[in-house]
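Peer 1: Hey, dropping protein.cif in here, mmCIF, C-alpha atoms:
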data_target
loop_
_atom_site.label_atom_id
_atom_site.label_comp_id
_atom_site.auth_asym_id
_atom_site.auth_seq_id
_atom_site.Cartn_x
_atom_site.Cartn_y
_atom_site.Cartn_z
CA MET A 1 184.43 160.83 141.21
CA SER A 2 186.83 158.42 139.54
CA SER A 3 188.94 156.04 141.58
CA THR A 4 192.67 156.66 141.83
CA PRO A 5 195.28 153.96 142.53
CA ASP A 6 195.27 154.99 146.21
CA CYS A 7 191.51 154.83 146.61
CA PRO A 8 190.10 151.97 148.72
CA ALA A 9 187.78 150.98 145.86
CA HIS A 10 190.73 150.61 143.51
CA ARG A 11 192.71 148.58 146.03
CA SER A 12 189.80 146.27 146.81
CA GLY A 13 189.14 145.71 143.11
CA THR A 14 192.80 144.90 142.52
CA GLU A 15 192.90 142.46 145.44
CA LEU A 16 189.71 140.75 144.28
CA GLY A 17 191.11 140.43 140.79
CA SER A 18 194.35 138.93 142.11
CA HIS A 19 192.43 136.40 144.21
CA LEU A 20 190.27 135.37 141.25
CA SER A 21 193.35 135.09 139.07
CA LEU A 22 194.96 132.87 141.70
CA LEU A 23 191.92 130.59 141.75
CA ARG A 24 191.91 130.41 137.96
CA ARG A 25 195.55 129.39 137.93
CA ARG A 26 195.14 126.76 140.62
CA TRP A 27 191.57 125.72 139.91
CA LEU A 28 192.37 122.02 139.87
CA LEU A 29 193.94 122.08 143.35
CA PHE A 30 191.14 124.30 144.63
CA LEU A 31 188.46 122.01 143.19
CA GLY A 32 190.17 118.92 144.61
CA CYS A 33 190.26 120.35 148.14
CA PHE A 34 186.66 121.53 147.79
CA LEU A 35 185.43 118.06 146.79
CA ALA A 36 187.63 116.40 149.40
CA GLY A 37 186.08 118.59 152.09
CA GLY A 38 182.57 117.62 151.00
CA THR A 39 183.56 113.94 150.96
CA MET A 40 185.04 114.20 154.46
CA GLY A 41 181.86 115.88 155.69
CA LEU A 42 179.75 113.01 154.33
CA ALA A 43 182.14 110.44 155.79
CA LEU A 44 182.00 112.14 159.18
CA MET A 45 178.21 112.10 159.03
CA ARG A 46 178.24 108.35 158.38
CA LEU A 47 180.65 107.77 161.27
CA THR A 48 178.74 109.95 163.75
CA PRO A 49 176.27 107.91 165.84
CA PRO A 50 172.67 109.12 165.69
CA ALA A 51 171.26 111.25 168.50
CA TYR A 52 167.63 111.89 169.39
CA THR A 53 166.20 115.05 170.93
CA ALA A 54 163.06 115.29 173.10
CA THR A 55 161.57 118.46 174.62
CA THR A 56 159.19 118.98 177.53
CA GLN A 57 157.30 122.27 177.94
CA VAL A 58 156.82 123.47 181.49
CA LEU A 59 154.51 126.35 182.47
CA VAL A 60 155.97 128.20 185.46
CA THR A 61 153.47 129.93 187.77
CA PRO A 62 154.14 132.15 190.81
CA VAL A 63 153.97 130.40 194.16
CA GLY A 64 151.93 131.82 197.01
CA VAL A 65 154.83 133.68 198.65
CA PRO A 66 157.42 135.94 196.99
CA GLU A 67 160.58 134.00 196.26
CA GLN A 68 163.89 135.36 197.46
CA GLY A 69 165.48 135.33 193.99
CA ASN A 70 162.43 136.76 192.22
CA GLN A 71 161.54 139.83 194.26
CA VAL A 72 159.55 142.51 192.45
CA THR A 73 161.74 145.63 192.16
CA THR A 74 162.06 148.67 189.93
CA ARG A 75 164.27 146.62 187.61
CA GLN A 76 162.05 143.54 187.64
CA ARG A 77 158.35 144.24 187.27
CA GLU A 78 157.19 140.62 187.31
CA GLN A 79 157.37 138.23 190.22
CA LEU A 80 158.75 135.51 187.94
CA ASN A 81 162.23 135.72 186.49
CA LEU A 82 162.41 133.00 183.84
CA ASP A 83 166.16 133.40 183.35
CA THR A 84 166.67 132.59 187.03
CA GLU A 85 164.30 129.65 186.75
CA ALA A 86 166.23 128.34 183.74
CA GLN A 87 169.46 128.42 185.74
CA ILE A 88 167.77 126.52 188.56
CA ALA A 89 166.48 123.91 186.11
CA ARG A 90 170.08 123.34 184.89
CA SER A 91 171.49 123.06 188.42
CA GLY A 92 173.09 119.94 189.80
CA VAL A 93 170.38 119.51 192.44
CA VAL A 94 167.70 119.18 189.76
CA ALA A 95 169.94 116.86 187.71
CA ALA A 96 170.43 114.56 190.72
CA ALA A 97 166.69 114.49 191.37
CA ALA A 98 166.03 113.78 187.68
CA ALA A 99 168.46 110.83 187.81
CA GLN A 100 166.52 109.37 190.73
CA ILE A 101 163.20 109.84 188.95
CA ALA A 102 164.50 108.26 185.72
CA GLY A 103 166.25 105.47 187.61
CA ILE A 104 169.67 106.06 186.05
CA ALA A 105 173.08 106.88 187.45
CA GLU A 106 173.79 110.02 185.45
CA PRO A 107 171.37 111.71 183.05
CA GLU A 108 172.29 113.52 179.87
CA PRO A 109 172.73 117.31 180.15
CA VAL A 110 169.56 119.33 179.76
CA GLU A 111 169.21 122.45 177.62
CA VAL A 112 166.72 124.94 179.01
CA THR A 113 165.43 127.77 176.83
CA VAL A 114 162.84 130.48 177.40
CA PRO A 115 160.60 131.51 174.48
CA PRO A 116 160.23 135.31 174.24
CA ASN A 117 157.38 136.93 176.19
CA SER A 118 156.29 133.69 177.84
CA ALA A 119 156.35 131.92 181.20
CA VAL A 120 157.32 128.59 179.63
CA LEU A 121 160.54 126.63 179.97
CA LEU A 122 161.60 124.24 177.20
CA MET A 123 163.63 121.38 178.66
CA THR A 124 165.46 119.55 175.89
CA VAL A 125 167.52 116.38 176.30
CA THR A 126 169.59 114.71 173.57
CA ALA A 127 170.44 111.03 173.99
CA PRO A 128 171.50 108.10 171.79
CA ASP A 129 168.11 106.41 172.35
CA PRO A 130 164.77 108.11 171.60
CA VAL A 131 163.00 106.59 174.62
CA ALA A 132 165.84 107.62 176.95
CA ALA A 133 165.71 111.18 175.59
CA ALA A 134 161.96 111.49 176.26
CA THR A 135 162.20 109.84 179.68
CA GLN A 136 165.03 112.06 180.88
CA SER A 137 163.34 115.21 179.55
CA ARG A 138 160.19 114.43 181.53
CA ALA A 139 162.30 113.54 184.57
CA TYR A 140 164.01 116.93 184.44
CA ALA A 141 160.61 118.66 184.28
CA ASP A 142 159.24 116.69 187.23
CA ALA A 143 162.42 117.22 189.23
CA TYR A 144 162.35 120.95 188.57
CA LEU A 145 158.72 121.33 189.61
CA ALA A 146 159.29 119.21 192.73
CA HIS A 147 162.34 121.27 193.62
CA ARG A 148 160.40 124.49 193.12
CA ALA A 149 157.51 123.21 195.25
CA ASP A 150 159.88 122.12 198.01
CA GLY A 151 161.55 125.50 197.92
CA ALA A 152 158.24 127.32 198.16
CA GLN A 153 157.07 125.10 201.02
CA ALA A 154 160.35 125.60 202.84
CA ALA A 155 159.97 129.37 202.46
CA ILE A 156 156.44 129.23 203.89
CA THR A 157 157.59 127.09 206.80
CA SER A 158 160.47 129.45 207.51
CA GLN A 159 158.15 132.46 207.51
CA GLN A 160 155.74 130.66 209.82
CA LYS A 161 158.54 129.97 212.27
CA LEU A 162 159.63 133.59 212.23
CA ILE A 163 156.07 134.85 212.76
CA LEU A 164 155.47 132.34 215.53
CA ALA A 165 158.65 133.33 217.35
CA LYS A 166 157.77 137.01 217.09
CA LEU A 167 154.22 136.28 218.25
CA LYS A 168 155.59 134.58 221.34
CA GLN A 169 157.70 137.63 222.13
CA VAL A 170 154.71 139.95 221.70
CA ASN A 171 152.53 137.76 223.94
CA ALA A 172 155.22 137.73 226.61
CA ALA A 173 155.51 141.51 226.48
CA LEU A 174 151.74 141.80 226.56
CA ALA A 175 151.48 139.64 229.69
CA LYS A 176 154.13 141.76 231.38
CA ALA A 177 152.29 144.98 230.43
CA VAL A 178 149.00 143.60 231.86
CA THR A 179 150.74 142.69 235.12
CA GLN A 180 152.26 146.17 235.45
CA LEU A 181 148.94 147.79 234.62
CA GLY A 182 147.21 146.05 237.56
CA GLY A 183 149.58 147.64 240.12
CA LEU A 184 149.17 151.20 238.89
CA ARG A 185 146.58 153.71 240.10
CA ARG A 186 144.11 154.92 237.54
CA GLY A 187 144.52 158.47 236.31
CA THR A 188 148.27 158.57 236.78
CA ALA A 189 150.71 159.03 233.91
CA GLU A 190 152.24 155.61 234.48
CA HIS A 191 148.84 153.96 234.20
CA THR A 192 148.10 155.79 230.92
CA LEU A 193 151.46 154.74 229.38
CA ALA A 194 150.99 151.12 230.43
CA LEU A 195 147.53 151.10 228.98
CA HIS A 196 148.81 152.47 225.65
CA ARG A 197 151.57 149.85 225.53
CA GLN A 198 149.03 147.14 226.12
CA GLY A 199 146.96 148.33 223.13
CA VAL A 200 149.96 148.38 220.81
CA LEU A 201 150.97 144.87 221.83
CA ASN A 202 147.43 143.63 221.30
CA ARG A 203 147.37 144.99 217.74
CA GLN A 204 150.75 143.40 216.97
CA ALA A 205 149.60 140.08 218.30
CA ASN A 206 146.45 140.18 216.21
CA SER A 207 148.43 141.10 213.05
CA LEU A 208 150.96 138.29 213.57
CA THR A 209 148.18 135.82 214.21
CA LEU A 210 146.48 136.75 210.95
CA LYS A 211 149.73 136.38 209.01
CA TYR A 212 150.42 133.01 210.59
CA ASP A 213 146.98 131.76 209.74
CA ALA A 214 147.27 133.11 206.15
CA LEU A 215 150.51 131.22 205.61
CA LYS A 216 148.78 127.99 206.55
CA THR A 217 146.35 128.44 203.64
CA VAL A 218 148.84 129.66 200.96
CA PRO A 219 148.58 127.40 197.88
CA VAL A 220 151.90 126.08 196.54
CA THR A 221 151.65 126.05 192.72
CA PRO A 222 155.16 125.69 191.18
CA GLY A 223 153.82 125.11 187.67
CA SER A 224 152.73 122.30 185.41
CA VAL A 225 153.84 120.26 182.41
CA ILE A 226 151.83 121.45 179.42
CA SER A 227 153.54 119.25 176.81
CA PRO A 228 155.40 116.12 177.94
CA ALA A 229 158.22 114.83 175.78
CA GLU A 230 157.52 111.97 173.38
CA PRO A 231 160.12 109.64 171.86
CA PRO A 232 161.22 111.22 168.55
CA SER A 233 160.72 109.22 165.39
CA ALA A 234 163.84 110.50 163.60
CA PRO A 235 167.30 111.42 164.88
CA SER A 236 168.16 115.09 165.26
CA SER A 237 171.79 114.49 164.32
CA PRO A 238 173.83 113.90 162.30
CA SER A 239 172.39 116.37 159.83
CA LEU A 240 173.19 115.95 156.14
CA PRO A 241 172.98 119.68 155.25
CA LEU A 242 175.07 120.64 158.27
CA HIS A 243 177.85 118.09 157.70
CA LEU A 244 177.93 118.60 153.95
CA ALA A 245 178.00 122.39 154.25
CA SER A 246 180.68 122.24 156.97
CA GLY A 247 182.82 119.92 154.85
CA LEU A 248 182.45 122.07 151.77
CA VAL A 249 183.32 125.25 153.67
CA ALA A 250 186.35 123.54 155.22
CA GLY A 251 187.40 122.30 151.77
CA LEU A 252 186.87 125.78 150.38
CA LEU A 253 189.17 127.32 152.97
CA ALA A 254 191.72 124.53 152.65
CA GLY A 255 191.66 124.82 148.86
CA ALA A 256 192.17 128.57 148.97
CA GLY A 257 195.08 128.18 151.39
CA ALA A 258 196.66 125.34 149.41
CA ALA A 259 196.26 127.22 146.14
CA SER A 260 197.84 130.33 147.64
CA LEU A 261 200.74 128.34 149.12
CA ARG A 262 201.28 126.40 145.89
CA ASP A 263 201.23 129.61 143.91
CA ARG A 264 203.86 131.17 146.15
CA LEU A 265 206.14 128.14 145.98
CA ASP A 266 205.75 127.61 142.22
CA THR A 267 207.77 130.21 140.29
CA ARG A 268 207.36 128.63 136.87
CA LEU A 269 206.15 131.14 134.27
CA ARG A 270 203.17 129.79 132.36
CA THR A 271 201.47 132.93 131.10
CA ALA A 272 202.36 136.50 130.26
CA ALA A 273 200.58 137.57 133.44
CA ASP A 274 202.89 135.29 135.44
CA VAL A 275 205.90 136.99 133.89
CA GLU A 276 204.76 140.45 134.90
CA ARG A 277 203.55 139.29 138.33
CA LEU A 278 206.64 137.31 139.37
CA THR A 279 209.42 139.23 137.64
CA GLY A 280 208.10 142.78 137.42
CA LEU A 281 209.24 143.04 133.79
CA PRO A 282 206.80 144.23 131.12
CA VAL A 283 205.80 141.80 128.39
CA LEU A 284 206.48 143.58 125.09
CA ALA A 285 205.00 141.02 122.73
CA ASP A 286 204.51 137.38 121.96
CA LEU A 287 206.70 135.61 119.44
CA ALA A 288 203.62 134.43 117.57
CA ARG A 289 202.99 138.04 116.39
CA PRO A 290 206.12 139.23 114.55
CA ALA A 291 204.65 142.60 113.46
CA GLU A 292 203.71 143.49 117.02
CA LEU A 293 207.09 142.21 118.17
CA ALA A 294 209.08 144.61 115.97
CA THR A 295 206.91 147.62 116.82
CA SER A 296 207.00 147.01 120.58
CA VAL A 297 210.74 146.41 120.72
CA VAL A 298 211.63 149.44 118.60
CA SER A 299 209.46 151.74 120.70
CA ALA A 300 211.01 150.45 123.94
CA CYS A 301 214.68 150.26 122.88
CA PRO A 302 216.64 153.41 123.85
CA GLY A 303 219.45 152.79 121.32
CA LYS A 304 220.40 150.94 118.17
CA TRP A 305 222.11 147.90 119.64
CA LEU A 306 219.77 145.33 121.16
CA LEU A 307 220.80 142.19 123.01
CA VAL A 308 218.41 139.20 122.95
CA LYS A 309 218.87 136.63 125.73
CA ALA A 310 216.88 133.40 125.97
CA VAL A 311 215.53 132.02 129.26
CA PRO A 312 216.22 129.16 129.47
CA ALA A 313 219.32 129.38 127.31
CA GLU A 314 218.44 126.16 125.45
CA LEU A 315 215.72 127.97 123.51
CA GLY A 316 218.18 130.00 121.49
CA THR A 317 217.56 133.50 120.15
CA ALA A 318 217.33 132.90 116.41
CA SER A 319 213.53 132.90 116.48
CA VAL A 320 213.57 136.49 117.78
CA ILE A 321 216.60 137.82 115.92
CA ALA A 322 215.19 136.89 112.50
CA PRO A 323 211.90 138.89 112.72
CA LEU A 324 213.64 141.80 114.43
CA ALA A 325 216.38 141.94 111.82
CA ALA A 326 213.77 141.89 109.07
CA GLY A 327 211.37 144.46 110.50
CA ALA A 328 213.25 146.67 112.96
CA PRO A 329 216.00 149.26 112.33
CA LEU A 330 218.18 147.73 115.04
CA SER A 331 221.48 145.91 115.29
CA VAL A 332 220.53 142.73 117.07
CA LEU A 333 223.03 140.80 119.21
CA ASN A 334 222.59 137.28 120.50
CA GLY A 335 225.26 137.38 123.20
CA ALA A 336 227.41 134.74 121.56
CA GLU A 337 230.32 137.09 121.02
CA VAL A 338 232.55 138.45 123.72
CA GLY A 339 231.77 142.09 123.08
CA ASP A 340 227.98 141.81 122.75
CA LEU A 341 227.32 142.92 126.31
CA GLY A 342 229.64 145.85 125.86
CA ARG A 343 227.93 147.02 122.67
CA ALA A 344 224.31 146.55 123.76
CA ASP A 345 222.22 149.61 124.58
CA ALA A 346 219.36 147.48 125.94
CA ALA A 347 218.34 143.87 126.33
CA VAL A 348 215.23 141.81 125.71
CA LEU A 349 214.61 138.44 127.35
CA LEU A 350 213.02 135.63 125.37
CA VAL A 351 211.05 133.63 127.99
CA GLY A 352 209.75 130.17 127.22
CA LEU A 353 206.34 129.86 128.92
CA GLY A 354 205.95 126.66 130.87
CA GLU A 355 209.69 126.09 131.06
CA ALA A 356 211.30 129.22 132.46
CA THR A 357 211.12 130.15 136.15
CA ALA A 358 211.21 133.47 137.92
CA GLU A 359 214.62 132.61 139.39
CA GLN A 360 216.08 132.04 135.92
CA VAL A 361 214.70 135.37 134.72
CA ALA A 362 216.13 137.12 137.78
CA ALA A 363 219.52 135.49 137.17
CA ALA A 364 219.48 136.68 133.53
CA VAL A 365 218.59 140.21 134.63
CA ARG A 366 221.46 140.21 137.14
CA GLN A 367 223.89 138.92 134.54
CA VAL A 368 222.95 141.62 132.07
CA GLY A 369 222.82 144.25 134.82
CA ARG A 370 226.45 143.67 135.74
CA HIS A 371 227.35 145.25 132.39
CA ARG A 372 224.92 148.14 132.96
CA VAL A 373 222.60 146.99 130.19
CA PRO A 374 218.95 147.75 131.00
CA VAL A 375 216.34 145.07 130.36
CA ILE A 376 213.48 146.80 128.56
CA GLY A 377 211.07 143.89 128.64
CA VAL A 378 210.18 140.30 127.83
CA VAL A 379 209.13 138.50 124.68
CA THR A 380 207.18 135.33 125.41
CA THR A 381 206.96 132.15 123.40
CA THR A 382 205.16 128.86 123.76
CA ASP A 383 207.34 127.08 121.20
CA LEU A 384 209.79 125.32 123.50
CA THR A 385 211.64 123.49 120.72
CA PRO A 386 215.33 124.23 121.27
CA ALA A 387 216.92 126.19 118.45
CA PRO A 388 219.42 124.25 116.36
CA VAL A 389 222.97 124.72 117.55
CA PRO A 390 225.01 126.37 114.76
CA GLU A 391 228.33 124.91 113.77
CA PRO A 392 231.19 126.64 115.54
CA ARG A 393 232.91 129.21 113.38
CA ARG A 394 236.65 129.48 113.14
CA PRO A 395 237.61 132.72 114.86
CA ASN A 396 239.57 135.19 112.75
CA THR A 397 242.84 136.21 114.34
CA LEU A 398 243.94 139.78 114.42
CA GLY A 399 246.88 139.01 112.12
CA LYS A 400 244.64 137.53 109.44
CA LEU A 401 242.22 140.45 109.59
CA VAL A 402 245.03 142.98 109.32
CA ALA A 403 246.62 141.08 106.45
CA SER A 404 243.35 140.92 104.56
CA GLY A 405 242.59 144.58 105.22
CA GLU A 406 239.15 143.90 106.81
CA LEU A 407 239.23 146.83 109.22
CA ALA A 408 236.15 148.97 109.77
CA GLU A 409 236.47 152.68 109.48
CA SER A 410 236.06 153.06 113.22
CA GLY A 411 238.77 150.53 114.00
CA ALA A 412 236.43 147.68 114.95
CA LEU A 413 237.00 144.21 113.62
CA THR A 414 233.99 142.92 111.70
CA THR A 415 232.98 139.83 109.80
CA PRO A 416 229.74 138.98 108.02
CA MET A 417 227.17 137.33 110.32
CA SER A 418 225.19 134.30 109.43
CA THR A 419 221.88 136.01 110.25
CA PRO A 420 221.51 139.47 108.74
CA VAL A 421 220.50 142.41 110.92
CA HIS A 422 219.36 145.84 109.75
CA THR A 423 219.88 149.41 110.74
CA PRO A 424 218.20 152.34 108.96
CA ALA A 425 218.03 151.92 105.19
CA HIS A 426 220.71 154.50 104.37
CA LYS A 427 223.43 152.52 106.20
CA PRO A 428 223.33 148.70 106.05
CA VAL A 429 225.56 147.11 108.63
CA ASN A 430 226.83 143.56 108.89
CA ARG A 431 226.69 141.81 112.25
CA PRO A 432 229.82 142.59 114.27
CA VAL A 433 231.69 139.71 115.80
CA GLY A 434 234.47 139.96 118.33
CA SER A 435 234.51 143.74 118.31
CA LEU A 436 237.03 145.55 120.41
CA GLY A 437 234.72 148.54 120.86
CA LYS A 438 231.23 149.78 120.02
CA PRO A 439 231.10 150.93 116.36
CA THR A 440 229.76 154.37 115.60
#
In structure tokens, what does this structure look like?
Peer 2:
Amino acid sequence: MSSTPDCPAHRSGTELGSHLSLLRRRWLLFLGCFLAGGTMGLALMRLTPPAYTATTQVLVTPVGVPEQGNQVTTRQREQLNLDTEAQIARSGVVAAAAAQIAGIAEPEPVEVTVPPNSAVLLMTVTAPDPVAAATQSRAYADAYLAHRADGAQAAITSQQKLILAKLKQVNAALAKAVTQLGGLRRGTAEHTLALHRQGVLNRQANSLTLKYDALKTVPVTPGSVISPAEPPSAPSSPSLPLHLASGLVAGLLAGAGAASLRDRLDTRLRTAADVERLTGLPVLADLARPAELATSVVSACPGKWLLVKAVPAELGTASVIAPLAAGAPLSVLNGAEVGDLGRADAAVLLVGLGEATAEQVAAAVRQVGRHRVPVIGVVTTTDLTPAPVPEPRRPNTLGKLVASGELAESGALTTPMSTPVHTPAHKPVNRPVGSLGKPT
């Protein structure tokens, strides 16, 4: 299926082409920003102080009692939750303990990561000195393990206290039940109930005693350091690839933005594509190809009288009028006479590339449009040499023309023009000057 102008593929291709054309037009500015960005990235790398990174690997093992934050549930199958442990390792309590272990006031921040499908914590510290980085990384690991061991021991102690308090209550109830049992007569219902209560309390006391004794023998194993940090031999930052790539990308974006802004602010017409893009007028031909010029203008002109207007005006129109008069069946006007705008059926603008601007072209279009003369297109030229200014001609007065009998059949006043123009071969016409109306 072929793409139409409304298809997304057509629009994306057009936008890509316009962006590439913009970069081609402003390649020097784009390249300058690109290289400047790379240079700034290298300069920033030289100005950035070096930093060293050291990592300690810690194996985390379950302690003897279930931890409150790591309870085994339907959502968490394992007793260890390494994400929770990583948050604890980054806590302020561990950081304060690490500062005491390392003997410093405030340690560098630690980065804790968990490798997938493992029970290992990677504790990474970045510092300006390699020895300080390794020392603080090991201090964080020791502080974390000590904190975890203290937490586990505190949990065991708390459970022991709870069991001991409950055991005391059971023993007190058991003593009371034994006392009541001694005052009851055997075989009665009260004696049977008291005897049953005594058995229940005895079993509870035995169970609590076993739990209390088991807690005394629970091993506290918070984990171990499997790979202590060593002072790195080379700095981890600044990184040449990172800084250079960042600078080049920043220069790339800055260059694209600067090129786009410069292209929007610069309305000078340098190529035929600029003419069509900035003015919306079609480029009929280039002045360097006279044969193509005559054919294109004749096919686009709706009448026989064609006005040629130069932008800027200093270029003159003789370079266009001469090839058109020689190869096109048109009456060509240069706008020097008062009635040229009134006679013209259409107009062509001669645009000097590299000199004319879009504002000048728009002003010329407005000037011609006030007389309801359509602009059929643009002829471009790169020859910016101003045309020689012809000597002013002495205007013929109406009295002299009448006296000499030089009246056209239609009533228009005519005089031979310095540059000949042609109409179809069967009716040669001299260039009209100062006409009072359009000749037929």
Peer 1: Counting all atoms listed in the file, figure out which residue out of A:Lys166, A:His243, A:Arg289, A:Arg203 gets nearest to A:Gly41.
Peer 2: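 Closest to A:Gly41 of all the choices is A:His243.
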Peer 1: Please report the interatomic distance between atom CA of A:Ala189 and atom CA of A:Lys176 in Å with one decimal.
Peer 2: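 For atom CA of A:Ala189 relative to atom CA of A:Lys176, the distance reads 17.8 Å.
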Peer 1: What does the structure give for the distance between atom CA of A:Val178 and atom CA of A:Gln198, in Å to one decimal?
Peer 2: 6.7 Å
Peer 1: Fewer than 6 positions away in the same chain doesn't count, so skip those; otherwise give me all residues within 9 Å of A:Gly247, counting only C-alpha atoms, as a list of chain:residue names.
Peer 2: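 Contacts, in chain order: A:Phe34, A:Leu35, A:Ala36, A:Gly37, A:Gly38, A:Thr39, A:Met40, A:Gly41, A:Leu42, A:Leu44.
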Peer 1: Show me, as a ChimeraX atom specification, the residues that have an atom within 7 Å of A:Ile156 when counting all atoms listed in the file, minus same-chain residues fewer than 4 positions from it.
Peer 2: /A:152,160,215
Peer 1: Write to file, as a PDB file, in the coordinates of the input, the residues of the selection just made, with C-alpha atoms.
Peer 2:
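Wrote it out as out-v4.pdb, contents follow:
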ATOM      1  CA  ALA A 152     158.240 127.320 198.160  1.00  0.00           C
ATOM      2  CA  GLN A 160     155.740 130.660 209.820  1.00  0.00           C
ATOM      3  CA  LEU A 215     150.510 131.220 205.610  1.00  0.00           C
TER       4      LEU A 215
END
Peer 1: Taking all atoms listed in the file into account, name the residue in A:Val110, A:Leu121, A:Ala98, A:Ala362 that is nearest to A:Ala86.
Peer 2: A:Leu121
Peer 1: From the list A:Gln360, A:Ser236, A:Thr135, A:Thr380, which residue is nearest A:Leu287 when using all atoms listed in the file?
Peer 2: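 Using all atoms listed in the file, A:Leu287 sits closest to A:Thr380.
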Peer 1: Could you give me, as a PyMOL selection string, the residues within 7 Å of A:Val308, counting all atoms listed in the file and dropping anything in the same chain fewer than 4 positions from it?
Peer 2: chain A and resi 317+333-334+347-350
Peer 1: Residues of the last selection are to be written out with C-alpha atoms, as a compact mmCIF listing (two decimals), keeping the file's coordinate frame.
Peer 2:
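As a result, out-v8.txt now contains:
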# COMPACT_ATOMS: atom_id res chain seq x y z
CA THR A 317 217.56 133.50 120.15
CA LEU A 333 223.03 140.80 119.21
CA ASN A 334 222.59 137.28 120.50
CA ALA A 347 218.34 143.87 126.33
CA VAL A 348 215.23 141.81 125.71
CA LEU A 349 214.61 138.44 127.35
CA LEU A 350 213.02 135.63 125.37
Peer 1: Could you give me, as a ChimeraX atom specification, the residues within 12 Å of A:Glu276, counting only C-alpha atoms and dropping anything in the same chain fewer than 5 positions from it?
Peer 2: /A:267,269-271,281-284,351,358,361,377-380
Peer 1: Kindly indicate which residue among A:Ile104, A:Ala313, A:Leu122, A:Thr295 lies nearest to A:Arg90, using all atoms listed in the file for the distances.
Peer 2: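 Checking each of A:Ile104, A:Ala313, A:Leu122, A:Thr295 against A:Arg90, counting all atoms listed in the file, the winner is A:Leu122.
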Peer 1: Please provide the set of residues having any atom within 9 Å of stretch 303-307 of chain A, restricted to only C-alpha atoms, with same-chain residues fewer than 3 positions apart removed, written as a list in words.
Peer 2: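 Residues near the query, excluding close chain neighbours: Val298, Pro329, Leu330, Ser331, Val332, Leu333, Asn334, Gly335, Asp340, Leu341, Arg343, Ala344, Asp345, Ala346, Ala347, Val348, Leu349, Val373 and Thr423 of chain A.
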Peer 1: To one decimal place in Å, what is the distance between atom CA of A:Leu193 and atom CA of A:Tyr212?
Peer 2: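 Distance reported for this atom pair: 28.7 Å.
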Peer 1: Might I get the box with edges along x, y and z of the file that holds all atoms of stretch 331-347 of chain A listed there, padded by 4 Å on every side, given as centre and edge lengths in Å to one decimal, as AutoDock Vina command-line options?
Peer 2:
--center_x 225.4 --center_y 142.2 --center_z 120.8 --size_x 22.2 --size_y 22.9 --size_z 19.0
Peer 1: Identify all residues satisfying the PyMOL selection byres ((chain A and resi 97) around 10) in the given file; provide them as a list in words.
Peer 2: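 Output from the PyMOL selection byres ((chain A and resi 97) around 10), applied to this file: Gly92, Val93, Val94, Ala95, Ala96, Ala98, Ala99, Gln100, Ile101, Ala102, Gly103, Pro107, Ala139, Tyr140, Asp142, Ala143, Tyr144, Ala146 and His147 of chain A.
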Peer 1: Using all atoms listed in the file, find the one residue out of A:Arg46, A:Arg277, A:Arg268, A:Arg370 that sits nearest to A:Gly352.
Peer 2: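 The answer is A:Arg268, which sits nearest to A:Gly352.
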Peer 1: Would you translate the PyMOL selection byres ((chain A and resi 323) around 10) into the concrete set of residues it matches in this file, as a compact mmCIF listing (two decimals) with C-alpha atoms, keeping the file's coordinate frame?
Peer 2:
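Written file, result_29.txt:
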# COMPACT_ATOMS: atom_id res chain seq x y z
CA LEU A 287 206.70 135.61 119.44
CA ARG A 289 202.99 138.04 116.39
CA PRO A 290 206.12 139.23 114.55
CA ALA A 291 204.65 142.60 113.46
CA LEU A 293 207.09 142.21 118.17
CA ALA A 294 209.08 144.61 115.97
CA ALA A 318 217.33 132.90 116.41
CA SER A 319 213.53 132.90 116.48
CA VAL A 320 213.57 136.49 117.78
CA ILE A 321 216.60 137.82 115.92
CA ALA A 322 215.19 136.89 112.50
CA LEU A 324 213.64 141.80 114.43
CA ALA A 325 216.38 141.94 111.82
CA ALA A 326 213.77 141.89 109.07
CA GLY A 327 211.37 144.46 110.50
CA ALA A 328 213.25 146.67 112.96
CA VAL A 421 220.50 142.41 110.92
Peer 1: Report as an MDAnalysis selection string the residues that result from applying the PyMOL selection byres ((chain A and resi 227-233) around 6) to the structure here.
Peer 2: chainID A and resid 54:57 130:131 134 225:226 234
Peer 1: Using all atoms listed in the file for the distances, tell me which of A:Asp383, A:Thr48, A:Cys301, A:Val218 is nearest to A:Ala288.
Peer 2: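 Using all atoms listed in the file, the shortest distance to A:Ala288 belongs to A:Asp383.
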